[in-house]
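Everything on this sheet refers to the single structure shown next.
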Amino acid sequence: MGAPIPESADDAALAWFVRLRDEQVTAGDRHAFEAWLHADPRHERAWRELEGIWGALDAVAPDHAPARERPVAMRSRFRLPPLRHFAAAAMVLLGLAAGWQLVPPGLMADHRSGIGERRTVALADGSQVELAPGSALDVAFSGGRRGVRLLAGEAFFTVAKEAGRPFVVEAGAGQVEVLGTAFDVKIRDEGGVAVVVTENIVAVSANGREAVRVGEGEGVSYDGEGVSQPSRADLDLVGAWRQDQLVFHDAPLDAVVAELERYRRGHIQLVGAGLGSRRVTAVFDARNTDAALDTIARSLGLRVLRATGWFVAIVPW
């Protein structure tokens, strides 16, 4: 037998799907699946929903795979549609199964916010941190330095002034140093970090290089190569998440999907070449990501397929 099957019917259906397609699946696995399937009506419902979305994914796949590349269908009265040679679709659920075993960034952090949760943290010096959904923060204050590290996600800092005791935010390959100000720090999905200042001035440095001063209303980004030159920032756009809004201006669809995943449980998968580069300009309510997905699909001529309340695929018509 493989790893334990999750208790949730939706998650368990995905886990069984992957296990039963494993080349090392045993007769005992199949018997255990049948027992699970018939143990609760919710199990059968979740499994049928999963079959439905896999069939829909299969329907948009090109039918050109040689027969020897097609896995043998499960020995169950609930038979899956035959898989075709469509790598994007084939890897969707395999990737999800592997993801169950990964440790989320910042799991052991001092402060964390969950999916779709905004959380405010009051620090010992009177400073305040607002964590965006899916974010994590460590705090390490000492006699001469107030230090925090953003491990994942995004945070807005309102720093109390304290002469001679700088406040330093570490994130990614760099840091932001201030005495008293307000600013936003976001770890981007590609690994870089964005900093936008709403009050006073901060000093941003990366990879040990000279710090760049960033003034009120300006923003920079940095990675292991250094810090960009300051430029004017849209403060309304930066602060939108604190008002439960998601604002995108000519953003690639894959970046939009990554942002939406911070506000909903489960996984959103783009299925089809080039979908991730489609552009999105819109304002969404962060509390209703299903409506956001439907709007995106309509505006881009795509369709949304949902399964088990946990998995969503965006596919071409």
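Residues in the structure tokens are named by chain (A, B, ... in the order shown) and by number from 1 within that chain; ligands are numbered from 1 in the order shown.
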Excluding region 241-244 of chain A and residues on its chain fewer than 6 positions from it, collect all residues at most 8 Å away from it, counting only C-alpha atoms, and give them as a list in words.
Arg118, Ala132, Asp285, Ala286 and Arg287 of chain A
Near Thr158 (chain A), within 7 Å and counting only C-alpha atoms, which residues show up once chain neighbours fewer than 2 positions away are dropped, as a VMD selection string?
chain A and resid 127 to 129 156 160 181 to 183
Writer output for current selection, all heavy atoms, as a JSON list (two decimals), in the first residue's frame:
[["chain", "number", "residue", "atom", "x", "y", "z"],
["A", 127, "SER", "N", 5.00, 48.21, 16.60],
["A", 127, "SER", "CA", 4.82, 48.10, 15.16],
["A", 127, "SER", "C", 3.69, 47.11, 14.86],
["A", 127, "SER", "O", 3.33, 46.27, 15.69],
["A", 127, "SER", "CB", 6.11, 47.62, 14.48],
["A", 127, "SER", "OG", 7.16, 48.55, 14.68],
["A", 128, "GLN", "N", 3.16, 47.21, 13.65],
["A", 128, "GLN", "CA", 2.06, 46.34, 13.24],
["A", 128, "GLN", "C", 2.34, 45.75, 11.87],
["A", 128, "GLN", "O", 2.85, 46.44, 10.98],
["A", 128, "GLN", "CB", 0.76, 47.13, 13.22],
["A", 128, "GLN", "CG", -0.47, 46.33, 12.84],
["A", 128, "GLN", "CD", -1.75, 47.14, 12.99],
["A", 128, "GLN", "OE1", -2.24, 47.34, 14.09],
["A", 128, "GLN", "NE2", -2.28, 47.61, 11.88],
["A", 129, "VAL", "N", 2.01, 44.47, 11.71],
["A", 129, "VAL", "CA", 2.19, 43.78, 10.44],
["A", 129, "VAL", "C", 0.86, 43.19, 10.00],
["A", 129, "VAL", "O", 0.20, 42.49, 10.76],
["A", 129, "VAL", "CB", 3.24, 42.65, 10.54],
["A", 129, "VAL", "CG1", 3.48, 42.03, 9.16],
["A", 129, "VAL", "CG2", 4.54, 43.15, 11.14],
["A", 156, "PHE", "N", 2.16, 44.02, 4.92],
["A", 156, "PHE", "CA", 2.24, 45.48, 5.01],
["A", 156, "PHE", "C", 2.70, 45.84, 6.41],
["A", 156, "PHE", "O", 2.09, 45.43, 7.41],
["A", 156, "PHE", "CB", 0.88, 46.12, 4.72],
["A", 156, "PHE", "CG", 0.92, 47.62, 4.69],
["A", 156, "PHE", "CD1", 1.29, 48.28, 3.52],
["A", 156, "PHE", "CD2", 0.61, 48.36, 5.82],
["A", 156, "PHE", "CE1", 1.34, 49.67, 3.48],
["A", 156, "PHE", "CE2", 0.66, 49.75, 5.78],
["A", 156, "PHE", "CZ", 1.03, 50.40, 4.62],
["A", 160, "ALA", "N", 6.84, 51.39, 14.13],
["A", 160, "ALA", "CA", 6.95, 52.42, 15.16],
["A", 160, "ALA", "C", 8.37, 52.99, 15.17],
["A", 160, "ALA", "O", 9.34, 52.25, 15.03],
["A", 160, "ALA", "CB", 6.62, 51.82, 16.53],
["A", 181, "THR", "N", 8.22, 53.93, 9.45],
["A", 181, "THR", "CA", 7.58, 54.19, 8.16],
["A", 181, "THR", "C", 6.52, 53.13, 7.90],
["A", 181, "THR", "O", 6.23, 52.29, 8.75],
["A", 181, "THR", "CB", 8.65, 54.16, 7.04],
["A", 181, "THR", "OG1", 8.05, 54.56, 5.81],
["A", 181, "THR", "CG2", 9.25, 52.79, 6.87],
["A", 182, "ALA", "N", 5.93, 53.15, 6.69],
["A", 182, "ALA", "CA", 4.94, 52.14, 6.29],
["A", 182, "ALA", "C", 5.25, 51.70, 4.87],
["A", 182, "ALA", "O", 5.52, 52.53, 4.00],
["A", 182, "ALA", "CB", 3.52, 52.71, 6.38],
["A", 183, "PHE", "N", 5.21, 50.40, 4.65],
["A", 183, "PHE", "CA", 5.59, 49.88, 3.33],
["A", 183, "PHE", "C", 5.07, 48.46, 3.17],
["A", 183, "PHE", "O", 4.74, 47.78, 4.15],
["A", 183, "PHE", "CB", 7.11, 49.90, 3.15],
["A", 183, "PHE", "CG", 7.86, 49.14, 4.21],
["A", 183, "PHE", "CD1", 8.29, 47.84, 4.00],
["A", 183, "PHE", "CD2", 8.14, 49.74, 5.44],
["A", 183, "PHE", "CE1", 8.97, 47.15, 4.98],
["A", 183, "PHE", "CE2", 8.84, 49.05, 6.43],
["A", 183, "PHE", "CZ", 9.25, 47.75, 6.20]]
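Nearest to Gly266 (chain A) of all the residues A:Leu123, A:Ala140, A:Ile115, A:Val178 is A:Ile115, based on only C-alpha atoms.
The gap separating CA of Ala307 (chain A) from CA of Thr26 (chain A) is 26.1 Å, in Å to one decimal.
With only C-alpha atoms as the atoms that count, the residue of A:Ala15, A:Val280, A:Val315, A:Ala291 with the shortest distance to Ala251 (chain A) is A:Val280.
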Taking 6 positions as the minimum chain separation for residues in the same chain, which residues sit within 9 Å of Gly116 (chain A) when counting only C-alpha atoms? Answer as a list in words.
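Residues meeting the cut-off are Ala132, Pro133, Gly134, Glu261, Arg262, Tyr263, Arg264, Arg265, Ala286 and Arg287 of chain A.
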If we count only C-alpha atoms, what is near Arg145 (chain A) at a cut-off of 12 Å, once residues fewer than 5 positions away on the same chain are taken out, given as a PyMOL selection string?
chain A and resi 125+139-140+162-169+177-179
Those same residues, written as a CSV table (one decimal), in the first residue's frame with all heavy atoms?
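Now in result.csv:
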chain,number,residue,atom,x,y,z
A,125,ASP,N,7.3,46.1,19.9
A,125,ASP,CA,7.8,47.5,19.9
A,125,ASP,C,6.6,48.5,19.5
A,125,ASP,O,6.9,49.7,19.4
A,125,ASP,CB,8.9,47.7,18.9
A,125,ASP,CG,8.5,47.5,17.5
A,125,ASP,OD1,7.5,46.7,17.2
A,125,ASP,OD2,9.2,48.0,16.6
A,139,VAL,N,9.9,36.5,13.7
A,139,VAL,CA,10.3,37.7,14.5
A,139,VAL,C,11.5,37.4,15.3
A,139,VAL,O,11.6,36.4,16.0
A,139,VAL,CB,9.2,38.2,15.4
A,139,VAL,CG1,9.6,39.5,16.1
A,139,VAL,CG2,7.9,38.5,14.5
A,140,ALA,N,12.5,38.3,15.2
A,140,ALA,CA,13.8,38.1,16.0
A,140,ALA,C,14.3,39.5,16.5
A,140,ALA,O,15.1,40.1,15.9
A,140,ALA,CB,14.9,37.4,15.2
A,162,GLU,N,11.8,54.3,16.6
A,162,GLU,CA,12.6,54.0,17.8
A,162,GLU,C,14.0,54.4,17.5
A,162,GLU,O,14.7,53.7,16.8
A,162,GLU,CB,12.4,52.6,18.2
A,162,GLU,CG,13.0,52.3,19.6
A,162,GLU,CD,12.6,50.9,20.0
A,162,GLU,OE1,11.5,50.4,19.7
A,162,GLU,OE2,13.5,50.3,20.7
A,163,ALA,N,14.5,55.5,17.9
A,163,ALA,CA,15.8,56.0,17.6
A,163,ALA,C,16.9,55.1,18.0
A,163,ALA,O,16.9,54.5,19.1
A,163,ALA,CB,16.0,57.4,18.3
A,164,GLY,N,17.8,54.9,17.1
A,164,GLY,CA,19.0,54.0,17.4
A,164,GLY,C,18.7,52.5,17.3
A,164,GLY,O,19.6,51.7,17.6
A,165,ARG,N,17.5,52.2,16.9
A,165,ARG,CA,17.1,50.7,16.9
A,165,ARG,C,16.4,50.5,15.6
A,165,ARG,O,15.2,50.5,15.5
A,165,ARG,CB,16.3,50.3,18.1
A,165,ARG,CG,16.2,48.8,18.3
A,165,ARG,CD,15.4,48.5,19.5
A,165,ARG,NE,15.3,47.1,19.8
A,165,ARG,CZ,14.2,46.5,20.3
A,165,ARG,NH1,13.1,47.2,20.5
A,165,ARG,NH2,14.2,45.2,20.5
A,166,PRO,N,17.1,50.2,14.5
A,166,PRO,CA,16.5,50.0,13.2
A,166,PRO,C,15.6,48.8,13.1
A,166,PRO,O,15.8,47.9,13.9
A,166,PRO,CB,17.7,49.9,12.2
A,166,PRO,CG,18.8,49.4,13.1
A,166,PRO,CD,18.6,50.0,14.4
A,167,PHE,N,14.6,48.9,12.2
A,167,PHE,CA,13.7,47.8,12.0
A,167,PHE,C,14.1,47.2,10.6
A,167,PHE,O,14.1,48.0,9.6
A,167,PHE,CB,12.2,48.3,11.9
A,167,PHE,CG,11.2,47.3,11.9
A,167,PHE,CD1,10.5,46.9,13.0
A,167,PHE,CD2,10.9,46.6,10.7
A,167,PHE,CE1,9.5,45.9,13.0
A,167,PHE,CE2,9.9,45.7,10.6
A,167,PHE,CZ,9.2,45.3,11.8
A,168,VAL,N,14.4,46.0,10.5
A,168,VAL,CA,14.9,45.3,9.3
A,168,VAL,C,14.0,44.2,8.9
A,168,VAL,O,13.7,43.3,9.7
A,168,VAL,CB,16.3,44.8,9.5
A,168,VAL,CG1,16.8,44.2,8.2
A,168,VAL,CG2,17.2,46.0,9.9
A,169,VAL,N,13.5,44.2,7.7
A,169,VAL,CA,12.7,43.1,7.1
A,169,VAL,C,13.5,42.4,6.1
A,169,VAL,O,14.0,42.9,5.1
A,169,VAL,CB,11.4,43.7,6.4
A,169,VAL,CG1,10.6,42.5,5.8
A,169,VAL,CG2,10.6,44.5,7.4
A,177,GLU,N,15.5,48.2,5.4
A,177,GLU,CA,15.8,48.8,6.7
A,177,GLU,C,15.1,50.1,6.9
A,177,GLU,O,15.2,51.0,6.0
A,177,GLU,CB,17.3,48.9,6.9
A,177,GLU,CG,17.7,49.4,8.2
A,177,GLU,CD,19.2,49.3,8.4
A,177,GLU,OE1,19.9,48.6,7.7
A,177,GLU,OE2,19.7,50.1,9.4
A,178,VAL,N,14.5,50.3,8.0
A,178,VAL,CA,13.8,51.6,8.3
A,178,VAL,C,14.0,51.9,9.8
A,178,VAL,O,14.4,51.1,10.6
A,178,VAL,CB,12.3,51.5,8.0
A,178,VAL,CG1,12.1,51.1,6.5
A,178,VAL,CG2,11.6,50.5,8.9
A,179,LEU,N,13.6,53.2,10.1
A,179,LEU,CA,13.4,53.6,11.5
A,179,LEU,C,12.0,53.7,11.9
A,179,LEU,O,11.5,53.3,13.0
A,179,LEU,CB,14.2,54.9,11.8
A,179,LEU,CG,15.7,54.7,11.8
A,179,LEU,CD1,16.4,56.1,12.0
A,179,LEU,CD2,16.1,53.8,13.0
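The residue that comes closest to Ala39 (chain A), out of A:Ala9, A:Ala240, A:Ala27, A:Ala155 and on the basis of only C-alpha atoms, is A:Ala9.
Distances to Leu302 (chain A) were evaluated for A:Arg232, A:Arg213, A:Lys186, A:Arg278 using only C-alpha atoms, and the minimum falls at A:Arg278.
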For Ala13 (chain A), list every protein, DNA or RNA residue within 8 Å, evaluated using only C-alpha atoms, and leave out those in the same chain fewer than 6 positions away; present the list as an mmCIF file with C-alpha atoms, in the first residue's frame.
data_model
loop_
_atom_site.group_PDB
_atom_site.id
_atom_site.type_symbol
_atom_site.label_atom_id
_atom_site.label_comp_id
_atom_site.auth_asym_id
_atom_site.auth_seq_id
_atom_site.Cartn_x
_atom_site.Cartn_y
_atom_site.Cartn_z
ATOM 1 C CA HIS A 43 -16.994 8.896 -1.648
ATOM 2 C CA ALA A 46 -16.486 12.707 -5.174
ATOM 3 C CA TRP A 47 -15.189 9.932 -7.421
ATOM 4 C CA LEU A 50 -13.344 13.428 -10.588
#
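Among the candidates A:Val197, A:Leu270, A:Ala35, A:Leu150, the residue lying nearest to Asp234 (chain A) is A:Val197 (atoms considered: only C-alpha atoms).
The closest residue to Glu190 (chain A), picked from A:Asp254, A:Asp290, A:Glu130, A:Glu216 and counting only C-alpha atoms, is A:Asp254.
Residues of region 119-250 of chain A carrying a DSSP assignment of helix (DSSP H, G or I), computed from the backbone, are Leu235, Asp236, Leu237, Val238, Ala240, Trp241, Arg242 and Gln243 of chain A.
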Run DSSP on the backbone and tell me which residues of region 149-289 of chain A come out as strand (DSSP E); list them as a PyMOL selection string.
chain A and resi 149-152+154-158+167-171+174-178+182-187+193-199+202-206+212-214+218-223+226-227+231-232+245-252+267-270+279-285
